[in-house]
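> Take a look at this one; I'll ask things after.
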Amino acid sequence: MPEITSSYQAQNSAASKAQTNLASNFDDFLTLLTTQLTNQDPLNPTDSTEFTNQLVNFTSVEQAIATNQNLESLVELTQMSQQNALSASMINYLGKSVRTNLNVSALNGGEATWNIDLGSSAANVKYDIYNQNGSIVYSETKDAATAGAQQYSWDGTTNSGADAADGAYYLVVTAETEGGNDINVGYSFEGIATSIDTVNGETVLKVGDVPIGLGYITSVTQPQTTDPSA
């Protein structure tokens, strides 16, 4: 979607500029034509062939620009239709438990938890937490970590000692074996879809403060409920 939006905006700007330039050039042409016809020698009138060709060229260019503007309108309508269709399909996900392999989690009330999966036991592990602007807000290093699925929790305290604001944060884990070889790290995040929003021109599903594009959703399930009588 962002690519379509950027392309449309660029084309629309170019067409508007071309239409403005054409109108200006055509006005100049008519002024020149009127002046020359007014001052021409009646006994030796100006050959009208060149002016006729020029008028034909102006008409052709104007038609081409009009065609381009019609295509731009079609692109805009197509984009709106796609966004509406996407939003309609995402409505079915609201209230459902959605899962993604993104390295994202939500800090809420001083607590954020990530699900990670280490490919093997690690002798050295570094945890870097980024905010939505791409800046590191917290880093931590551990001497060892076991292989397999596990969780990493953060209380929202930044490297400067301040409390981070609630919202979406991203965890990057760098793990190495005793021999210094990199270890593959997998991520997952799961939560209840609460709303639909548009972020940078893209329609996304939101799990609390966490935006998830439709293409990043790996599963959608009914949330587990607890029987109050149990």
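To be explicit about the labels: the chains of the structure tokens are called A, B, and onward in the order shown, and within each one the residues are counted from 1, while ligands get numbers from 1 in the order they are shown.
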For the contact check between segment 171-193 of chain A and segment 102-120 of chain A, emit one row per residue of segment 171-193 of chain A within 7 Å, containing the shortest atom pair and the distance in Å rounded to one decimal, counting only C-alpha atoms, chain then rising number order, as JSON lines.


```
{"residue": "A:Leu171", "atom": "CA", "partner": "A:Asn103", "partner_atom": "CA", "distance": 5.6}
{"residue": "A:Ile183", "atom": "CA", "partner": "A:Gly119", "partner_atom": "CA", "distance": 5.9}
{"residue": "A:Asn184", "atom": "CA", "partner": "A:Gly119", "partner_atom": "CA", "distance": 5.2}
{"residue": "A:Val185", "atom": "CA", "partner": "A:Leu118", "partner_atom": "CA", "distance": 4.9}
{"residue": "A:Gly186", "atom": "CA", "partner": "A:Asp117", "partner_atom": "CA", "distance": 4.8}
{"residue": "A:Tyr187", "atom": "CA", "partner": "A:Ile116", "partner_atom": "CA", "distance": 4.6}
{"residue": "A:Ser188", "atom": "CA", "partner": "A:Asn115", "partner_atom": "CA", "distance": 5.3}
{"residue": "A:Phe189", "atom": "CA", "partner": "A:Asn115", "partner_atom": "CA", "distance": 6.3}
```

> Between A:Asp128, A:Glu178, A:Glu190, A:Asp166, which one has atoms that come closest to Asp209 of chain A, using only C-alpha atoms?

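Among A:Asp128, A:Glu178, A:Glu190, A:Asp166, it is A:Asp166 that comes nearest to Asp209 of chain A.
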
> Let me make sure I understand: among A:Ala122, A:Ile136, A:Ile129, A:Ala175, which one has the smallest atom-to-atom distance to Trp154 of chain A if we use only C-alpha atoms?

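Closest candidate: A:Ile129.
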
> For Thr157 of chain A, work out the shell of residues within 10 Å, counting only C-alpha atoms and skipping chain neighbours fewer than 6 positions away, then give it as a ChimeraX atom specification.

/A:110-111,137-138,163-165

> For C-alpha atoms, I'd like the residues from the last selection saved as a short mmCIF file (atom, residue, chain, number, x, y, z; two decimals), in the first residue's frame.


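Written file, out-v9.cif:
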```
data_model
loop_
_atom_site.label_atom_id
_atom_site.label_comp_id
_atom_site.auth_asym_id
_atom_site.auth_seq_id
_atom_site.Cartn_x
_atom_site.Cartn_y
_atom_site.Cartn_z
CA GLY A 110 5.67 -1.34 33.65
CA GLU A 111 5.60 -4.79 32.08
CA VAL A 137 16.11 2.37 25.14
CA TYR A 138 17.44 -0.58 27.13
CA ASP A 163 10.47 4.89 33.01
CA ALA A 164 9.61 4.27 29.36
CA ALA A 165 6.19 5.30 28.10
#
```

> Kindly indicate which residue among A:Ser97, A:Thr35, A:Ser73, A:Asn92 lies nearest to Val220 of chain A, using only C-alpha atoms for the distances.

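Result for the nearest residue to Val220 of chain A: A:Ser97.
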
> When distances are computed from only C-alpha atoms, which of A:Tyr152, A:Asn101, A:Asn70, A:Thr49 shows the smallest separation from Gly215 of chain A?

A:Asn101

> At what distance in Å, to one decimal, does atom CA of Thr174 of chain A lie from atom CA of Ala145 of chain A?

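Here the two named atoms are 11.3 Å from each other.
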
> Using only C-alpha atoms, which of A:Gln132, A:Ser139, A:Asn181, A:Gln63 sits nearest Gly161 of chain A?

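Between A:Gln132, A:Ser139, A:Asn181, A:Gln63, the residue approaching Gly161 of chain A most closely is A:Ser139.
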
> Determine which residues of segment 139-229 of chain A DSSP labels as strand (DSSP E) from the backbone of this structure, then write them out as a VMD selection string.

chain A and resid 139 to 142 148 to 154 167 to 176 185 to 192 195 to 199 202 to 207 210 to 213 217 to 221

> Those residues you just picked out, can you put them in a file as a compact mmCIF listing (two decimals), in the first residue's frame with N, CA and C atoms?


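So part.txt came out as:
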```txt
# COMPACT_ATOMS: atom_id res chain seq x y z
N SER A 139 19.38 -2.02 27.25
CA SER A 139 20.26 -3.12 26.84
C SER A 139 20.66 -3.92 28.06
N GLU A 140 20.82 -5.21 27.86
CA GLU A 140 21.21 -6.10 28.95
C GLU A 140 21.99 -7.27 28.37
N THR A 141 23.00 -7.73 29.11
CA THR A 141 23.80 -8.87 28.68
C THR A 141 23.77 -9.94 29.76
N LYS A 142 23.60 -11.19 29.32
CA LYS A 142 23.61 -12.32 30.25
C LYS A 142 24.70 -13.30 29.81
N GLY A 148 15.81 -23.35 23.35
CA GLY A 148 14.38 -23.57 23.31
C GLY A 148 13.54 -22.35 23.60
N ALA A 149 12.23 -22.59 23.72
CA ALA A 149 11.27 -21.51 23.93
C ALA A 149 11.37 -20.96 25.34
N GLN A 150 11.32 -19.65 25.46
CA GLN A 150 11.41 -18.99 26.76
C GLN A 150 10.86 -17.58 26.64
N GLN A 151 10.76 -16.90 27.75
CA GLN A 151 10.25 -15.53 27.74
C GLN A 151 11.30 -14.57 28.29
N TYR A 152 11.25 -13.34 27.77
CA TYR A 152 12.10 -12.28 28.29
C TYR A 152 11.18 -11.14 28.71
N SER A 153 11.35 -10.68 29.94
CA SER A 153 10.48 -9.63 30.48
C SER A 153 11.28 -8.37 30.76
N TRP A 154 10.61 -7.23 30.64
CA TRP A 154 11.22 -5.92 30.87
C TRP A 154 10.24 -5.08 31.67
N GLY A 167 3.57 1.48 25.26
CA GLY A 167 3.50 1.42 23.80
C GLY A 167 4.23 0.20 23.27
N ALA A 168 4.43 0.18 21.96
CA ALA A 168 5.09 -0.95 21.31
C ALA A 168 6.60 -0.80 21.36
N TYR A 169 7.28 -1.91 21.65
CA TYR A 169 8.74 -1.95 21.68
C TYR A 169 9.22 -3.22 21.00
N TYR A 170 10.45 -3.16 20.49
CA TYR A 170 11.00 -4.27 19.71
C TYR A 170 12.26 -4.81 20.37
N LEU A 171 12.35 -6.13 20.47
CA LEU A 171 13.49 -6.79 21.11
C LEU A 171 14.37 -7.45 20.05
N VAL A 172 15.67 -7.18 20.14
CA VAL A 172 16.64 -7.85 19.28
C VAL A 172 17.60 -8.62 20.18
N VAL A 173 17.64 -9.94 20.01
CA VAL A 173 18.49 -10.81 20.82
C VAL A 173 19.67 -11.27 19.98
N THR A 174 20.87 -11.05 20.50
CA THR A 174 22.09 -11.52 19.85
C THR A 174 22.71 -12.57 20.75
N ALA A 175 22.75 -13.82 20.28
CA ALA A 175 23.24 -14.92 21.10
C ALA A 175 24.39 -15.64 20.41
N GLU A 176 25.36 -16.08 21.22
CA GLU A 176 26.53 -16.78 20.70
C GLU A 176 26.82 -18.02 21.53
N VAL A 185 17.72 -17.03 16.48
CA VAL A 185 16.73 -16.63 17.49
C VAL A 185 15.38 -16.41 16.81
N GLY A 186 14.36 -17.07 17.32
CA GLY A 186 13.00 -16.88 16.80
C GLY A 186 12.18 -16.05 17.77
N TYR A 187 11.18 -15.36 17.23
CA TYR A 187 10.32 -14.50 18.05
C TYR A 187 8.86 -14.81 17.77
N SER A 188 8.01 -14.51 18.74
CA SER A 188 6.57 -14.59 18.51
C SER A 188 5.87 -13.67 19.49
N PHE A 189 4.70 -13.21 19.07
CA PHE A 189 3.88 -12.34 19.90
C PHE A 189 2.43 -12.71 19.68
N GLU A 190 1.66 -12.76 20.76
CA GLU A 190 0.25 -13.14 20.66
C GLU A 190 -0.59 -12.27 21.58
N GLY A 191 -1.75 -11.88 21.09
CA GLY A 191 -2.65 -11.07 21.90
C GLY A 191 -4.00 -10.92 21.23
N ILE A 192 -4.92 -10.28 21.91
CA ILE A 192 -6.28 -10.10 21.41
C ILE A 192 -6.34 -8.85 20.53
N SER A 195 -8.45 -3.36 17.66
CA SER A 195 -8.90 -2.29 16.76
C SER A 195 -8.18 -2.38 15.42
N ILE A 196 -8.65 -1.55 14.48
CA ILE A 196 -8.04 -1.43 13.15
C ILE A 196 -7.60 0.01 12.98
N ASP A 197 -6.40 0.20 12.44
CA ASP A 197 -5.87 1.55 12.32
C ASP A 197 -5.09 1.66 11.02
N THR A 198 -4.71 2.89 10.67
CA THR A 198 -3.86 3.14 9.51
C THR A 198 -2.55 3.74 9.99
N VAL A 199 -1.45 3.08 9.67
CA VAL A 199 -0.11 3.53 10.07
C VAL A 199 0.74 3.71 8.82
N GLU A 202 -0.73 2.33 5.70
CA GLU A 202 -1.03 0.89 5.67
C GLU A 202 -2.08 0.56 6.71
N THR A 203 -3.07 -0.22 6.32
CA THR A 203 -4.09 -0.67 7.26
C THR A 203 -3.53 -1.80 8.11
N VAL A 204 -3.60 -1.63 9.43
CA VAL A 204 -3.03 -2.63 10.33
C VAL A 204 -4.04 -3.02 11.40
N LEU A 205 -3.81 -4.19 11.94
CA LEU A 205 -4.60 -4.67 13.08
C LEU A 205 -3.81 -4.31 14.34
N LYS A 206 -4.49 -3.84 15.37
CA LYS A 206 -3.79 -3.47 16.59
C LYS A 206 -4.16 -4.39 17.74
N VAL A 207 -3.11 -4.88 18.38
CA VAL A 207 -3.27 -5.65 19.61
C VAL A 207 -2.81 -4.73 20.73
N VAL A 210 0.14 -2.43 19.85
CA VAL A 210 1.03 -3.07 18.87
C VAL A 210 0.36 -3.16 17.50
N PRO A 211 0.91 -2.50 16.47
CA PRO A 211 0.36 -2.61 15.12
C PRO A 211 0.91 -3.83 14.40
N ILE A 212 0.04 -4.58 13.74
CA ILE A 212 0.46 -5.78 13.00
C ILE A 212 -0.17 -5.74 11.62
N GLY A 213 0.66 -5.75 10.59
CA GLY A 213 0.17 -5.82 9.22
C GLY A 213 -0.43 -7.19 8.94
N ILE A 217 0.57 -11.75 10.15
CA ILE A 217 -0.22 -12.59 11.05
C ILE A 217 -0.05 -14.05 10.64
N THR A 218 0.37 -14.88 11.60
CA THR A 218 0.61 -16.29 11.29
C THR A 218 -0.55 -17.19 11.70
N SER A 219 -1.38 -16.74 12.65
CA SER A 219 -2.54 -17.54 13.04
C SER A 219 -3.57 -16.67 13.73
N VAL A 220 -4.82 -17.09 13.63
CA VAL A 220 -5.94 -16.41 14.28
C VAL A 220 -6.81 -17.47 14.94
N THR A 221 -7.03 -17.35 16.25
CA THR A 221 -7.81 -18.35 16.98
C THR A 221 -8.79 -17.67 17.93
```

> What is the distance, in Å and to one decimal place, between atom CA of Asn133 of chain A and atom CA of Gly208 of chain A?

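These atoms are spaced 18.2 Å apart.
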
> What is the distance between atom CA of Val98 of chain A and atom CA of Ala193 of chain A, in Å to one decimal?

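Taking atom CA of Val98 of chain A and atom CA of Ala193 of chain A, their separation equals 6.5 Å.
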